[in-house]
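Heads up: the structure comes next, in structure tokens.
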Amino acid sequence: SSVWIGAALLAFAVLVEGATSNGQQLMMQKVSADALMLRMNALGAAGGFAGLVLAGDLGQLLAFSQDQPTTLPLLVGAGFSLATSVACYVRLLREVGSVFTTILSTLRKSVTVLLSFVLFPGKAFTPIRALGLSIVLAGVLLAERSGARARGKKAPPSTPPQRCRTLARWAPAPTSGPRAGAAAGAECYDV
């Protein structure tokens with residue numbers, strides 16, 4: 001039935017989104033967030049153009065653009081809007097990690113579905129839809145709770161390494177002793 005197909009597609013989408021976020025986080029260990037964003041946007045633009053060409057719709061797009069001169073400026077505006085959202089997503093990925101980013105994007109989709117019923121009345125908000133949104137919300141809360149519990153068991157982060165200036169030269173900060181991290185009379189800065 002269509003319910004099982006929809007559930008399978010949703011599960012597949014969540015798995016792909018999680019794998020994508022983890023892959024992007026791994027890539028950011030080798031390249032900056034800005035470089036990753038630029039690559040993602042370039043790949044998306046190339047894929048969109050290739051899709052137009054392969055589907056044979058490029059001629060239709062150009063003809064429609066000539067008939068409706070506002071088309072290309074709107075497409076460019078949509079492109080910049082999407083580029084901004086990708087930039088925010090990549091920065092969020094860098095700052096909080098792939099797990100929270102995936103949870104947030106899953107929750108965003110659920111809120112979008114809920115808002116569609118509020119902003120565009122006329123669709124029936126049935127009990128099965130309410131149950132589906134509740135299950136997604138419960139999953140997000142459980143994932144965040146288990147993640148918070150796992151983070152609580154980890155050792156506290158170590159003190160950031162420092163460099164200290166003593167006698168007009170830079171030297172590593174002491175790592176042990178009563179004044180670990182700062183030499184007597186030295187100016188120390190986090191690296």
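Residue numbering restarts at 1 in every chain; chains get A, B, ... in the order shown in the structure tokens, and ligands count up from 1 in that same order.
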
Within 12 Å of stretch 17-25 of chain A: each stretch 62-153 of chain A residue with its shortest pair, only C-alpha atoms, as a tab-separated table:
```
residue	atom	partner	partner_atom	distance
A:Val86	CA	A:Gln24	CA	11.7
A:Tyr89	CA	A:Ser21	CA	9.6
A:Val90	CA	A:Gln24	CA	8.1
A:Arg91	CA	A:Gln25	CA	10.2
A:Leu92	CA	A:Gln25	CA	10.2
A:Leu93	CA	A:Gln25	CA	6.5
A:Arg94	CA	A:Gln25	CA	6.7
A:Glu95	CA	A:Gln25	CA	10.0
A:Val96	CA	A:Gln25	CA	10.1
A:Gly97	CA	A:Gln25	CA	7.0
A:Ser98	CA	A:Ser21	CA	5.1
A:Val99	CA	A:Gly18	CA	7.5
A:Phe100	CA	A:Ser21	CA	9.7
A:Thr101	CA	A:Ser21	CA	7.3
A:Thr102	CA	A:Gly18	CA	5.8
A:Ile103	CA	A:Gly18	CA	8.8
A:Leu104	CA	A:Gly18	CA	11.2
A:Ser105	CA	A:Glu17	CA	8.7
A:Thr106	CA	A:Glu17	CA	8.7
```

Selection above as a file: N, CA and C atoms, as a PDB file, in the first residue's frame:
```pdb
ATOM      1  N   VAL A  86      22.664  26.903   2.016  1.00  0.00           N
ATOM      2  CA  VAL A  86      23.760  25.930   2.055  1.00  0.00           C
ATOM      3  C   VAL A  86      24.902  26.455   2.923  1.00  0.00           C
ATOM      4  N   TYR A  89      23.879  25.972   6.466  1.00  0.00           N
ATOM      5  CA  TYR A  89      23.914  24.538   6.783  1.00  0.00           C
ATOM      6  C   TYR A  89      25.345  24.061   7.024  1.00  0.00           C
ATOM      7  N   VAL A  90      26.264  24.484   6.167  1.00  0.00           N
ATOM      8  CA  VAL A  90      27.656  24.056   6.308  1.00  0.00           C
ATOM      9  C   VAL A  90      28.267  24.628   7.585  1.00  0.00           C
ATOM     10  N   ARG A  91      27.965  25.865   7.895  1.00  0.00           N
ATOM     11  CA  ARG A  91      28.488  26.453   9.126  1.00  0.00           C
ATOM     12  C   ARG A  91      27.900  25.747  10.353  1.00  0.00           C
ATOM     13  N   LEU A  92      26.610  25.438  10.291  1.00  0.00           N
ATOM     14  CA  LEU A  92      25.975  24.700  11.380  1.00  0.00           C
ATOM     15  C   LEU A  92      26.618  23.324  11.527  1.00  0.00           C
ATOM     16  N   LEU A  93      26.891  22.690  10.425  1.00  0.00           N
ATOM     17  CA  LEU A  93      27.550  21.383  10.436  1.00  0.00           C
ATOM     18  C   LEU A  93      28.919  21.475  11.090  1.00  0.00           C
ATOM     19  N   ARG A  94      29.655  22.525  10.777  1.00  0.00           N
ATOM     20  CA  ARG A  94      30.989  22.703  11.354  1.00  0.00           C
ATOM     21  C   ARG A  94      30.913  23.002  12.850  1.00  0.00           C
ATOM     22  N   GLU A  95      29.935  23.789  13.257  1.00  0.00           N
ATOM     23  CA  GLU A  95      29.862  24.235  14.643  1.00  0.00           C
ATOM     24  C   GLU A  95      29.297  23.184  15.594  1.00  0.00           C
ATOM     25  N   VAL A  96      28.245  22.468  15.184  1.00  0.00           N
ATOM     26  CA  VAL A  96      27.571  21.559  16.120  1.00  0.00           C
ATOM     27  C   VAL A  96      27.645  20.098  15.712  1.00  0.00           C
ATOM     28  N   GLY A  97      28.131  19.793  14.527  1.00  0.00           N
ATOM     29  CA  GLY A  97      28.308  18.405  14.124  1.00  0.00           C
ATOM     30  C   GLY A  97      27.146  17.851  13.317  1.00  0.00           C
ATOM     31  N   SER A  98      27.391  16.663  12.778  1.00  0.00           N
ATOM     32  CA  SER A  98      26.439  16.065  11.845  1.00  0.00           C
ATOM     33  C   SER A  98      25.174  15.560  12.532  1.00  0.00           C
ATOM     34  N   VAL A  99      25.274  15.071  13.757  1.00  0.00           N
ATOM     35  CA  VAL A  99      24.096  14.504  14.423  1.00  0.00           C
ATOM     36  C   VAL A  99      23.059  15.598  14.670  1.00  0.00           C
ATOM     37  N   PHE A 100      23.477  16.693  15.278  1.00  0.00           N
ATOM     38  CA  PHE A 100      22.528  17.773  15.565  1.00  0.00           C
ATOM     39  C   PHE A 100      22.007  18.395  14.273  1.00  0.00           C
ATOM     40  N   THR A 101      22.861  18.524  13.259  1.00  0.00           N
ATOM     41  CA  THR A 101      22.426  19.105  11.989  1.00  0.00           C
ATOM     42  C   THR A 101      21.358  18.236  11.338  1.00  0.00           C
ATOM     43  N   THR A 102      21.536  16.911  11.378  1.00  0.00           N
ATOM     44  CA  THR A 102      20.539  16.006  10.811  1.00  0.00           C
ATOM     45  C   THR A 102      19.237  16.072  11.606  1.00  0.00           C
ATOM     46  N   ILE A 103      19.346  16.120  12.921  1.00  0.00           N
ATOM     47  CA  ILE A 103      18.141  16.238  13.753  1.00  0.00           C
ATOM     48  C   ILE A 103      17.403  17.528  13.425  1.00  0.00           C
ATOM     49  N   LEU A 104      18.140  18.614  13.313  1.00  0.00           N
ATOM     50  CA  LEU A 104      17.523  19.904  13.029  1.00  0.00           C
ATOM     51  C   LEU A 104      16.845  19.919  11.662  1.00  0.00           C
ATOM     52  N   SER A 105      17.494  19.348  10.655  1.00  0.00           N
ATOM     53  CA  SER A 105      16.878  19.362   9.326  1.00  0.00           C
ATOM     54  C   SER A 105      15.657  18.441   9.274  1.00  0.00           C
ATOM     55  N   THR A 106      15.674  17.335  10.024  1.00  0.00           N
ATOM     56  CA  THR A 106      14.499  16.465  10.089  1.00  0.00           C
ATOM     57  C   THR A 106      13.353  17.183  10.787  1.00  0.00           C
TER      58      THR A 106
END
```

Open item on the list: With only C-alpha atoms as the counted atoms, please give the residues lying no more than 9 Å from stretch 109-124 of chain A, apart from itself and same-chain residues fewer than 6 positions off, as a list in words.
Closed with: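 That gives Ala130, Leu133, Val136 and Leu137 of chain A.
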